[in-house]
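> To be precise about what I am sending: the file is called final15.cif and holds mmCIF, C-alpha atoms; chains and numbers go by the auth columns.
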```cif
data_model
#
loop_
_atom_site.group_PDB
_atom_site.id
_atom_site.type_symbol
_atom_site.label_atom_id
_atom_site.label_comp_id
_atom_site.label_asym_id
_atom_site.label_seq_id
_atom_site.Cartn_x
_atom_site.Cartn_y
_atom_site.Cartn_z
_atom_site.B_iso_or_equiv
_atom_site.auth_seq_id
_atom_site.auth_asym_id
ATOM 1 C CA MET A 1 -82.013 -97.077 37.715 0.00 487 A
ATOM 2 C CA LEU A 2 -80.764 -98.350 34.370 0.00 488 A
ATOM 3 C CA THR A 3 -79.404 -96.598 31.340 0.00 489 A
ATOM 4 C CA ARG A 4 -81.375 -96.906 28.115 0.00 490 A
ATOM 5 C CA LYS A 5 -78.998 -99.505 26.654 0.00 491 A
ATOM 6 C CA GLN A 6 -78.996 -101.528 29.862 0.00 492 A
ATOM 7 C CA PHE A 7 -82.784 -101.584 29.874 0.00 493 A
ATOM 8 C CA GLU A 8 -82.961 -102.490 26.174 0.00 494 A
ATOM 9 C CA LEU A 9 -80.598 -105.401 26.708 0.00 495 A
ATOM 10 C CA LEU A 10 -82.430 -106.614 29.820 0.00 496 A
ATOM 11 C CA LYS A 11 -85.738 -106.475 27.955 0.00 497 A
ATOM 12 C CA PHE A 12 -84.269 -108.342 24.968 0.00 498 A
ATOM 13 C CA ILE A 13 -82.817 -111.091 27.153 0.00 499 A
ATOM 14 C CA ASN A 14 -86.064 -111.471 29.084 0.00 500 A
ATOM 15 C CA GLU A 15 -88.180 -111.675 25.926 0.00 501 A
ATOM 16 C CA ARG A 16 -85.859 -114.239 24.372 0.00 502 A
ATOM 17 C CA LEU A 17 -85.949 -116.363 27.526 0.00 503 A
ATOM 18 C CA LYS A 18 -89.750 -116.326 27.436 0.00 504 A
ATOM 19 C CA GLU A 19 -89.886 -117.193 23.724 0.00 505 A
ATOM 20 C CA ALA A 20 -87.112 -119.776 23.402 0.00 506 A
ATOM 21 C CA GLY A 21 -86.218 -120.769 26.935 0.00 507 A
ATOM 22 C CA VAL A 22 -82.565 -119.820 26.381 0.00 508 A
ATOM 23 C CA PRO A 23 -80.877 -116.429 26.411 0.00 509 A
ATOM 24 C CA PRO A 24 -79.635 -114.859 23.158 0.00 510 A
ATOM 25 C CA SER A 25 -76.029 -115.132 22.065 0.00 511 A
ATOM 26 C CA PHE A 26 -73.678 -112.185 22.399 0.00 512 A
ATOM 27 C CA ASP A 27 -73.820 -111.711 18.626 0.00 513 A
ATOM 28 C CA GLU A 28 -77.609 -111.566 18.759 0.00 514 A
ATOM 29 C CA MET A 29 -77.444 -109.055 21.598 0.00 515 A
ATOM 30 C CA LYS A 30 -74.964 -106.937 19.677 0.00 516 A
ATOM 31 C CA ASP A 31 -77.190 -106.902 16.593 0.00 517 A
ATOM 32 C CA ALA A 32 -80.349 -106.207 18.594 0.00 518 A
ATOM 33 C CA LEU A 33 -78.788 -103.157 20.271 0.00 519 A
ATOM 34 C CA ASP A 34 -77.001 -102.047 17.091 0.00 520 A
ATOM 35 C CA LEU A 35 -73.586 -102.103 18.747 0.00 521 A
ATOM 36 C CA ARG A 36 -70.370 -102.429 16.778 0.00 522 A
ATOM 37 C CA SER A 37 -68.600 -104.895 19.057 0.00 523 A
ATOM 38 C CA LYS A 38 -69.334 -107.519 21.681 0.00 524 A
ATOM 39 C CA SER A 39 -67.212 -105.652 24.220 0.00 525 A
ATOM 40 C CA GLY A 40 -70.103 -103.245 24.700 0.00 526 A
ATOM 41 C CA ILE A 41 -72.387 -106.190 25.445 0.00 527 A
ATOM 42 C CA HIS A 42 -69.899 -107.507 28.017 0.00 528 A
ATOM 43 C CA ARG A 43 -69.974 -104.125 29.800 0.00 529 A
ATOM 44 C CA LEU A 44 -73.773 -104.011 29.772 0.00 530 A
ATOM 45 C CA ILE A 45 -74.045 -107.589 31.060 0.00 531 A
ATOM 46 C CA THR A 46 -71.605 -106.795 33.866 0.00 532 A
ATOM 47 C CA ALA A 47 -73.558 -103.662 34.799 0.00 533 A
ATOM 48 C CA LEU A 48 -76.856 -105.573 34.882 0.00 534 A
ATOM 49 C CA GLU A 49 -75.299 -108.266 37.038 0.00 535 A
ATOM 50 C CA GLU A 50 -73.807 -105.735 39.459 0.00 536 A
ATOM 51 C CA ARG A 51 -77.208 -104.050 39.810 0.00 537 A
ATOM 52 C CA GLY A 52 -78.894 -107.354 40.590 0.00 538 A
ATOM 53 C CA PHE A 53 -81.087 -107.633 37.474 0.00 539 A
ATOM 54 C CA ILE A 54 -79.470 -110.762 36.054 0.00 540 A
ATOM 55 C CA ARG A 55 -77.306 -113.637 37.223 0.00 541 A
ATOM 56 C CA ARG A 56 -74.744 -115.500 35.135 0.00 542 A
ATOM 57 C CA LEU A 57 -74.630 -119.193 35.951 0.00 543 A
ATOM 58 C CA PRO A 58 -71.077 -120.577 36.197 0.00 544 A
ATOM 59 C CA ASN A 59 -69.654 -123.268 33.888 0.00 545 A
ATOM 60 C CA ARG A 60 -72.529 -122.995 31.448 0.00 546 A
ATOM 61 C CA ALA A 61 -72.446 -121.312 28.047 0.00 547 A
ATOM 62 C CA ARG A 62 -75.063 -118.615 27.412 0.00 548 A
ATOM 63 C CA ALA A 63 -76.433 -119.157 30.908 0.00 549 A
ATOM 64 C CA ILE A 64 -78.122 -115.942 32.033 0.00 550 A
ATOM 65 C CA GLU A 65 -81.030 -115.733 34.431 0.00 551 A
ATOM 66 C CA VAL A 66 -83.214 -112.642 34.759 0.00 552 A
ATOM 67 C CA ILE A 67 -83.778 -112.004 38.461 0.00 553 A
ATOM 68 C CA LYS A 68 -85.942 -108.897 38.303 0.00 554 A
ATOM 69 C CA LEU A 69 -87.196 -106.186 35.985 0.00 555 A
ATOM 70 C CA PRO A 70 -87.531 -102.452 36.652 0.00 556 A
ATOM 71 C CA ASP A 71 -90.977 -100.897 36.507 0.00 557 A
ATOM 72 C CA LEU A 72 -90.432 -99.060 33.241 0.00 558 A
ATOM 73 C CA GLY A 73 -86.724 -99.346 32.641 0.00 559 A
ATOM 74 C CA GLY A 74 -84.135 -96.596 32.441 0.00 560 A
ATOM 75 C CA ASN A 75 -82.502 -94.149 30.163 0.00 561 A
ATOM 76 C CA SER A 76 -79.271 -92.287 30.102 0.00 562 A
ATOM 77 C CA GLY A 77 -78.938 -88.527 30.379 0.00 563 A
ATOM 78 C CA GLY A 78 -75.574 -87.939 28.738 0.00 564 A
ATOM 79 C CA GLY A 79 -75.305 -85.555 25.834 0.00 565 A
ATOM 80 C CA ARG A 80 -74.342 -82.183 24.522 0.00 566 A
ATOM 81 C CA ARG A 81 -73.534 -78.924 26.188 0.00 567 A
ATOM 82 C CA GLY A 82 -76.103 -76.796 27.959 0.00 568 A
ATOM 83 C CA PHE A 83 -76.229 -73.063 28.727 0.00 569 A
ATOM 84 C CA THR A 84 -76.435 -70.395 31.361 0.00 570 A
ATOM 85 C CA PRO A 85 -79.632 -68.288 31.136 0.00 571 A
ATOM 86 C CA SER A 86 -78.829 -64.670 30.401 0.00 572 A
ATOM 87 C CA VAL A 87 -79.615 -61.981 32.950 0.00 573 A
ATOM 88 C CA ILE A 88 -82.924 -60.325 32.244 0.00 574 A
ATOM 89 C CA GLU A 89 -82.356 -56.711 31.242 0.00 575 A
ATOM 90 C CA GLY A 90 -84.178 -53.836 32.875 0.00 576 A
ATOM 91 C CA ASN A 91 -87.722 -54.569 34.036 0.00 577 A
ATOM 92 C CA LEU A 92 -88.508 -57.106 31.337 0.00 578 A
ATOM 93 C CA GLY A 93 -89.985 -60.145 33.044 0.00 579 A
ATOM 94 C CA LYS A 94 -90.143 -58.408 36.414 0.00 580 A
ATOM 95 C CA VAL A 95 -93.429 -58.035 38.287 0.00 581 A
ATOM 96 C CA ARG A 96 -94.009 -54.652 39.852 0.00 582 A
ATOM 97 C CA PRO A 97 -96.345 -54.198 42.816 0.00 583 A
ATOM 98 C CA PRO A 98 -99.373 -52.092 41.836 0.00 584 A
ATOM 99 C CA SER A 99 -99.281 -48.482 42.846 0.00 585 A
ATOM 100 C CA PRO A 100 -101.849 -47.446 45.508 0.00 586 A
ATOM 101 C CA GLN A 101 -103.864 -45.290 43.145 0.00 587 A
ATOM 102 C CA HIS A 102 -104.294 -48.206 40.731 0.00 588 A
ATOM 103 C CA ALA A 103 -104.570 -51.057 43.208 0.00 589 A
ATOM 104 C CA ASP A 104 -108.218 -51.714 42.334 0.00 590 A
ATOM 105 C CA ASP A 105 -108.068 -50.651 38.707 0.00 591 A
ATOM 106 C CA ASP A 106 -108.618 -53.646 36.393 0.00 592 A
ATOM 107 C CA SER A 107 -107.066 -51.714 33.532 0.00 593 A
ATOM 108 C CA ASP A 108 -103.724 -51.863 35.379 0.00 594 A
ATOM 109 C CA ARG A 109 -103.686 -55.660 35.321 0.00 595 A
ATOM 110 C CA SER A 110 -101.833 -55.872 32.000 0.00 596 A
ATOM 111 C CA VAL A 111 -99.843 -58.862 30.867 0.00 597 A
ATOM 112 C CA VAL A 112 -96.135 -59.169 31.600 0.00 598 A
ATOM 113 C CA ALA A 113 -93.671 -59.666 28.752 0.00 599 A
ATOM 114 C CA VAL A 114 -91.464 -62.597 29.767 0.00 600 A
ATOM 115 C CA PRO A 115 -88.354 -63.170 27.655 0.00 601 A
ATOM 116 C CA VAL A 116 -87.773 -66.591 26.137 0.00 602 A
ATOM 117 C CA MET A 117 -84.103 -67.314 26.766 0.00 603 A
ATOM 118 C CA GLY A 118 -83.686 -70.557 24.852 0.00 604 A
ATOM 119 C CA ARG A 119 -84.319 -74.256 25.296 0.00 605 A
ATOM 120 C CA ILE A 120 -83.969 -76.459 28.349 0.00 606 A
ATOM 121 C CA ALA A 121 -83.486 -80.217 28.346 0.00 607 A
ATOM 122 C CA ALA A 122 -86.120 -82.379 29.989 0.00 608 A
ATOM 123 C CA GLY A 123 -84.315 -85.461 28.792 0.00 609 A
ATOM 124 C CA THR A 124 -81.018 -85.741 26.958 0.00 610 A
ATOM 125 C CA PRO A 125 -79.125 -82.428 27.290 0.00 611 A
ATOM 126 C CA ILE A 126 -79.276 -80.279 24.174 0.00 612 A
ATOM 127 C CA GLU A 127 -77.739 -77.107 22.866 0.00 613 A
ATOM 128 C CA ALA A 128 -79.586 -74.058 24.157 0.00 614 A
ATOM 129 C CA LEU A 129 -79.796 -70.488 23.012 0.00 615 A
ATOM 130 C CA GLN A 130 -77.938 -67.944 25.115 0.00 616 A
ATOM 131 C CA THR A 131 -79.721 -64.767 24.073 0.00 617 A
ATOM 132 C CA ARG A 132 -83.309 -63.626 24.246 0.00 618 A
ATOM 133 C CA SER A 133 -85.139 -64.750 21.120 0.00 619 A
ATOM 134 C CA HIS A 134 -88.610 -63.312 21.743 0.00 620 A
ATOM 135 C CA THR A 135 -91.108 -62.733 24.528 0.00 621 A
ATOM 136 C CA ILE A 136 -94.373 -64.292 25.605 0.00 622 A
ATOM 137 C CA SER A 137 -97.201 -62.455 27.322 0.00 623 A
ATOM 138 C CA VAL A 138 -98.100 -63.890 30.711 0.00 624 A
ATOM 139 C CA PRO A 139 -100.805 -62.750 33.159 0.00 625 A
ATOM 140 C CA PRO A 140 -99.119 -61.267 36.230 0.00 626 A
ATOM 141 C CA ASP A 141 -101.039 -63.574 38.559 0.00 627 A
ATOM 142 C CA MET A 142 -99.066 -66.502 37.109 0.00 628 A
ATOM 143 C CA LEU A 143 -95.820 -64.944 38.312 0.00 629 A
ATOM 144 C CA GLY A 144 -94.353 -64.274 41.712 0.00 630 A
ATOM 145 C CA SER A 145 -92.051 -61.477 42.772 0.00 631 A
ATOM 146 C CA GLY A 146 -88.635 -60.916 41.266 0.00 632 A
ATOM 147 C CA GLU A 147 -87.371 -61.687 37.765 0.00 633 A
ATOM 148 C CA HIS A 148 -88.661 -64.309 35.380 0.00 634 A
ATOM 149 C CA TYR A 149 -87.775 -65.882 32.072 0.00 635 A
ATOM 150 C CA ALA A 150 -89.120 -68.700 29.944 0.00 636 A
ATOM 151 C CA LEU A 151 -87.435 -71.732 28.430 0.00 637 A
ATOM 152 C CA GLU A 152 -88.759 -74.022 25.735 0.00 638 A
ATOM 153 C CA VAL A 153 -88.854 -77.593 27.013 0.00 639 A
ATOM 154 C CA ARG A 154 -87.254 -80.285 24.890 0.00 640 A
ATOM 155 C CA GLY A 155 -87.676 -83.916 25.923 0.00 641 A
ATOM 156 C CA ASP A 156 -90.052 -86.058 27.960 0.00 642 A
ATOM 157 C CA SER A 157 -88.189 -86.744 31.200 0.00 643 A
ATOM 158 C CA MET A 158 -90.643 -84.553 33.181 0.00 644 A
ATOM 159 C CA MET A 159 -93.867 -85.675 31.539 0.00 645 A
ATOM 160 C CA ASP A 160 -95.259 -87.316 34.687 0.00 646 A
ATOM 161 C CA ALA A 161 -95.114 -83.873 36.303 0.00 647 A
ATOM 162 C CA GLY A 162 -97.248 -82.542 33.442 0.00 648 A
ATOM 163 C CA ILE A 163 -94.291 -80.906 31.654 0.00 649 A
ATOM 164 C CA LEU A 164 -94.447 -81.818 27.976 0.00 650 A
ATOM 165 C CA ASP A 165 -92.105 -81.447 25.051 0.00 651 A
ATOM 166 C CA GLY A 166 -92.727 -78.026 23.503 0.00 652 A
ATOM 167 C CA ASP A 167 -94.079 -76.386 26.673 0.00 653 A
ATOM 168 C CA MET A 168 -92.715 -73.039 27.781 0.00 654 A
ATOM 169 C CA ALA A 169 -91.408 -73.369 31.330 0.00 655 A
ATOM 170 C CA LEU A 170 -91.885 -70.179 33.340 0.00 656 A
ATOM 171 C CA ILE A 171 -88.859 -69.794 35.584 0.00 657 A
ATOM 172 C CA GLN A 172 -88.336 -67.497 38.560 0.00 658 A
ATOM 173 C CA ARG A 173 -84.682 -66.569 38.868 0.00 659 A
ATOM 174 C CA ASN A 174 -83.310 -68.096 42.039 0.00 660 A
ATOM 175 C CA GLU A 175 -80.002 -69.500 43.193 0.00 661 A
ATOM 176 C CA SER A 176 -81.428 -71.774 45.882 0.00 662 A
ATOM 177 C CA ALA A 177 -84.091 -74.454 46.044 0.00 663 A
ATOM 178 C CA GLU A 178 -86.029 -76.550 48.512 0.00 664 A
ATOM 179 C CA THR A 179 -86.417 -80.307 48.282 0.00 665 A
ATOM 180 C CA GLY A 180 -89.211 -81.075 45.822 0.00 666 A
ATOM 181 C CA ASP A 181 -88.796 -77.917 43.713 0.00 667 A
ATOM 182 C CA ILE A 182 -88.493 -78.335 39.950 0.00 668 A
ATOM 183 C CA VAL A 183 -85.433 -76.335 38.996 0.00 669 A
ATOM 184 C CA VAL A 184 -83.178 -75.263 36.180 0.00 670 A
ATOM 185 C CA ALA A 185 -79.914 -76.875 37.235 0.00 671 A
ATOM 186 C CA LEU A 186 -76.560 -76.118 35.669 0.00 672 A
ATOM 187 C CA ILE A 187 -74.212 -79.095 35.937 0.00 673 A
ATOM 188 C CA ASP A 188 -70.451 -78.543 35.729 0.00 674 A
ATOM 189 C CA GLU A 189 -71.103 -75.053 34.335 0.00 675 A
ATOM 190 C CA GLU A 190 -71.940 -76.488 30.925 0.00 676 A
ATOM 191 C CA GLU A 191 -75.016 -78.741 30.979 0.00 677 A
ATOM 192 C CA ALA A 192 -78.456 -77.386 31.846 0.00 678 A
ATOM 193 C CA THR A 193 -81.462 -79.513 32.683 0.00 679 A
ATOM 194 C CA LEU A 194 -84.951 -79.210 34.150 0.00 680 A
ATOM 195 C CA LYS A 195 -85.358 -81.671 37.021 0.00 681 A
ATOM 196 C CA ARG A 196 -86.809 -82.079 40.513 0.00 682 A
ATOM 197 C CA PHE A 197 -84.340 -81.062 43.223 0.00 683 A
ATOM 198 C CA ARG A 198 -83.723 -83.138 46.338 0.00 684 A
ATOM 199 C CA ARG A 199 -81.002 -83.323 48.947 0.00 685 A
ATOM 200 C CA ARG A 200 -79.623 -86.762 49.746 0.00 686 A
ATOM 201 C CA GLY A 201 -77.229 -86.441 52.632 0.00 687 A
ATOM 202 C CA ALA A 202 -74.279 -84.415 51.396 0.00 688 A
ATOM 203 C CA SER A 203 -75.301 -84.883 47.755 0.00 689 A
ATOM 204 C CA ILE A 204 -77.875 -83.407 45.409 0.00 690 A
ATOM 205 C CA ALA A 205 -80.309 -85.581 43.472 0.00 691 A
ATOM 206 C CA LEU A 206 -81.753 -84.334 40.195 0.00 692 A
ATOM 207 C CA GLU A 207 -84.828 -86.469 39.609 0.00 693 A
ATOM 208 C CA PRO A 208 -86.780 -86.921 36.383 0.00 694 A
ATOM 209 C CA ALA A 209 -90.545 -87.372 36.399 0.00 695 A
ATOM 210 C CA ASN A 210 -90.365 -90.302 34.017 0.00 696 A
ATOM 211 C CA SER A 211 -89.013 -93.658 35.147 0.00 697 A
ATOM 212 C CA ALA A 212 -87.380 -94.154 31.740 0.00 698 A
ATOM 213 C CA TYR A 213 -84.658 -91.749 32.932 0.00 699 A
ATOM 214 C CA GLU A 214 -82.162 -92.158 35.731 0.00 700 A
ATOM 215 C CA VAL A 215 -81.730 -89.983 38.795 0.00 701 A
ATOM 216 C CA ARG A 216 -78.436 -88.097 38.836 0.00 702 A
ATOM 217 C CA ILE A 217 -76.655 -87.908 42.188 0.00 703 A
ATOM 218 C CA LEU A 218 -74.045 -85.167 42.284 0.00 704 A
ATOM 219 C CA PRO A 219 -71.928 -83.291 44.830 0.00 705 A
ATOM 220 C CA PRO A 220 -73.159 -79.745 45.489 0.00 706 A
ATOM 221 C CA ASN A 221 -70.092 -78.142 43.904 0.00 707 A
ATOM 222 C CA ARG A 222 -71.121 -79.557 40.526 0.00 708 A
ATOM 223 C CA VAL A 223 -74.661 -78.141 40.583 0.00 709 A
ATOM 224 C CA ARG A 224 -75.747 -74.517 40.380 0.00 710 A
ATOM 225 C CA ILE A 225 -79.418 -73.593 40.617 0.00 711 A
ATOM 226 C CA GLN A 226 -80.509 -71.060 37.985 0.00 712 A
ATOM 227 C CA GLY A 227 -84.193 -70.776 38.800 0.00 713 A
ATOM 228 C CA LYS A 228 -87.369 -72.527 39.920 0.00 714 A
ATOM 229 C CA LEU A 229 -90.335 -73.587 37.815 0.00 715 A
ATOM 230 C CA ILE A 230 -93.459 -71.648 38.715 0.00 716 A
ATOM 231 C CA GLY A 231 -95.743 -72.461 35.802 0.00 717 A
ATOM 232 C CA LEU A 232 -96.141 -73.579 32.222 0.00 718 A
ATOM 233 C CA TYR A 233 -97.149 -71.738 29.076 0.00 719 A
ATOM 234 C CA ARG A 234 -98.671 -74.101 26.543 0.00 720 A
ATOM 235 C CA LYS A 235 -99.522 -73.053 23.016 0.00 721 A
ATOM 236 C CA TYR A 236 -102.160 -75.716 22.455 0.00 722 A
#
```
As structure tokens, what does this structure read like?

Amino acid sequence: MLTRKQFELLKFINERLKEAGVPPSFDEMKDALDLRSKSGIHRLITALEERGFIRRLPNRARAIEVIKLPDLGGNSGGGRRGFTPSVIEGNLGKVRPPSPQHADDDSDRSVVAVPVMGRIAAGTPIEALQTRSHTISVPPDMLGSGEHYALEVRGDSMMDAGILDGDMALIQRNESAETGDIVVALIDEEEATLKRFRRRGASIALEPANSAYEVRILPPNRVRIQGKLIGLYRKY
């Protein structure tokens, strides 16, 4: 996978090769990517070469050959601090089993007030609220057992899984996950993100559902699961 800048540079070089038959100069690359110095271009070129996307031809000025292109490119996931979801107080957000005398009573099937605990990044990490801001009413059949909370999704890195910017992600509190689960993952105790969880040998992969973002491979001691996605609440 490529970072956003790597993909932008690769795309620019490829387009220029198609148009003019020669790659752009380093100054043109710098201007196209809005970088302040050519040293950043050198690092990006080296990264693209190491990943096998381009080849620099020796003893020739401005000699760059594009070997391959990614399907849709890449994007970086660096950014600002995240958060730890607060513990849900009392029975708020908790589903209770129906009592025997009301098991068949439709009037007992009331909505559950699920607290909205802040925002979660489905893309570049963002600041998130750390206290309950309000609640949303959710039918109990959308929830499982245990405690639940909701997070407002910000970003598009999970859009191919049907999770859109502005959705409310319904999360079941859980400290473990199975491969394939979409989870709230806390990275290094400071950055929270919504990604698909997979185990890769001794490492953990946090996968986006948008090929414009890169998979993050991390050791288990850097990742703490805060909950699993069980549904979406969409206002529109």
> Just want the 10 Å neighbourhood of Asn707 (chain A), counted on all atoms listed in the file, with same-chain residues fewer than 3 positions away dropped. Output as a ChimeraX atom specification.
/A:673-674,689-690,704,710
> Counting all atoms listed in the file, figure out which residue out of A:Pro694, A:Pro625, A:Gly526, A:Gly507 gets nearest to Leu495 (chain A).
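The answer is A:Gly526, which sits nearest to Leu495 (chain A).
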> Of the candidates A:Ala691, A:Leu496, A:Leu543, A:Leu555, which one gets nearest to Leu519 (chain A) if we count only C-alpha atoms?
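Of all the options, A:Leu496 lies closest to Leu519 (chain A).
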> Separation of CA of Met654 (chain A) and CA of Glu638 (chain A), in Å?
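Value for the CA of Met654 (chain A)-CA of Glu638 (chain A) distance: 4.6 Å.
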> Pull the neighbourhood of (-87.9, -64.3, 36.3) for me: all residues within 6 Å in file coordinates, counting all atoms listed in the file, as a ChimeraX atom specification.
/A:579,633-635,657-659
> Given the choices A:Ala647, A:Val669, A:Ile716, A:Val701, which gets closest to Asp627 (chain A) if the distance is worked out from all atoms listed in the file?
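Of A:Ala647, A:Val669, A:Ile716, A:Val701, the one nearest Asp627 (chain A), counting all atoms listed in the file, is A:Ile716.
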> Taking (-90.9, -75.2, 29.5) in the file's coordinates, which residues come within 8 Å, counting only C-alpha atoms, written as a list in words?
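Checking each residue against the 8 Å limit leaves Arg605, Ile606, Ala636, Leu637, Glu638, Val639, Arg640, Ile649, Leu650, Asp651, Gly652, Asp653, Met654, Ala655, Leu656, Leu718 and Tyr719 of chain A.
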> Quick one: of A:Ala599, A:Ile499, A:Arg684, A:Gly666, who's nearest to Ile553 (chain A), counting only C-alpha atoms?
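Of the candidates, the smallest distance to Ile553 (chain A) is held by A:Ile499.
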> Would you kindly translate the PyMOL selection byres ((chain A and resi 508) around 9) into the concrete residues it picks from this file, as a list in words?
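With the shown file as input, the PyMOL selection byres ((chain A and resi 508) around 9) matches Ile499, Arg502, Leu503, Lys504, Glu505, Ala506, Gly507, Pro509, Pro510, Arg548, Ala549 and Ile550 of chain A.
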> Which of these residues is nearest to His620 (chain A), using all atoms listed in the file: A:Ala608, A:Val600, A:Asn696, A:Leu534?
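Of A:Ala608, A:Val600, A:Asn696, A:Leu534, the one nearest His620 (chain A) is A:Val600, counting all atoms listed in the file.
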> Identify all residues satisfying the PyMOL selection byres ((chain A and resi 712) around 6) in the given file; provide them as number ranges by chain.
A: 660-661, 670-671, 711, 713
> Keeping only C-alpha atoms, write those residues as a PDB file, in the coordinates of the input.

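The result, stored in out-v6.pdb:
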```
ATOM      1  CA  ASN A 660     -83.310 -68.096  42.039  1.00  0.00           C
ATOM      2  CA  GLU A 661     -80.002 -69.500  43.193  1.00  0.00           C
ATOM      3  CA  VAL A 670     -83.178 -75.263  36.180  1.00  0.00           C
ATOM      4  CA  ALA A 671     -79.914 -76.875  37.235  1.00  0.00           C
ATOM      5  CA  ILE A 711     -79.418 -73.593  40.617  1.00  0.00           C
ATOM      6  CA  GLY A 713     -84.193 -70.776  38.800  1.00  0.00           C
TER       7      GLY A 713
END
```
> Using all atoms of region 643-653 of chain A that appear in the file, construct an axis-aligned enclosing box with 5 Å of padding on every side and provide its centre coordinates and edge lengths in Å, rounded to one decimal, as lines of an AutoDock Vina configuration file.

```
center_x = -92.7
center_y = -81.9
center_z = 29.9
size_x = 19.1
size_y = 20.9
size_z = 22.8
```
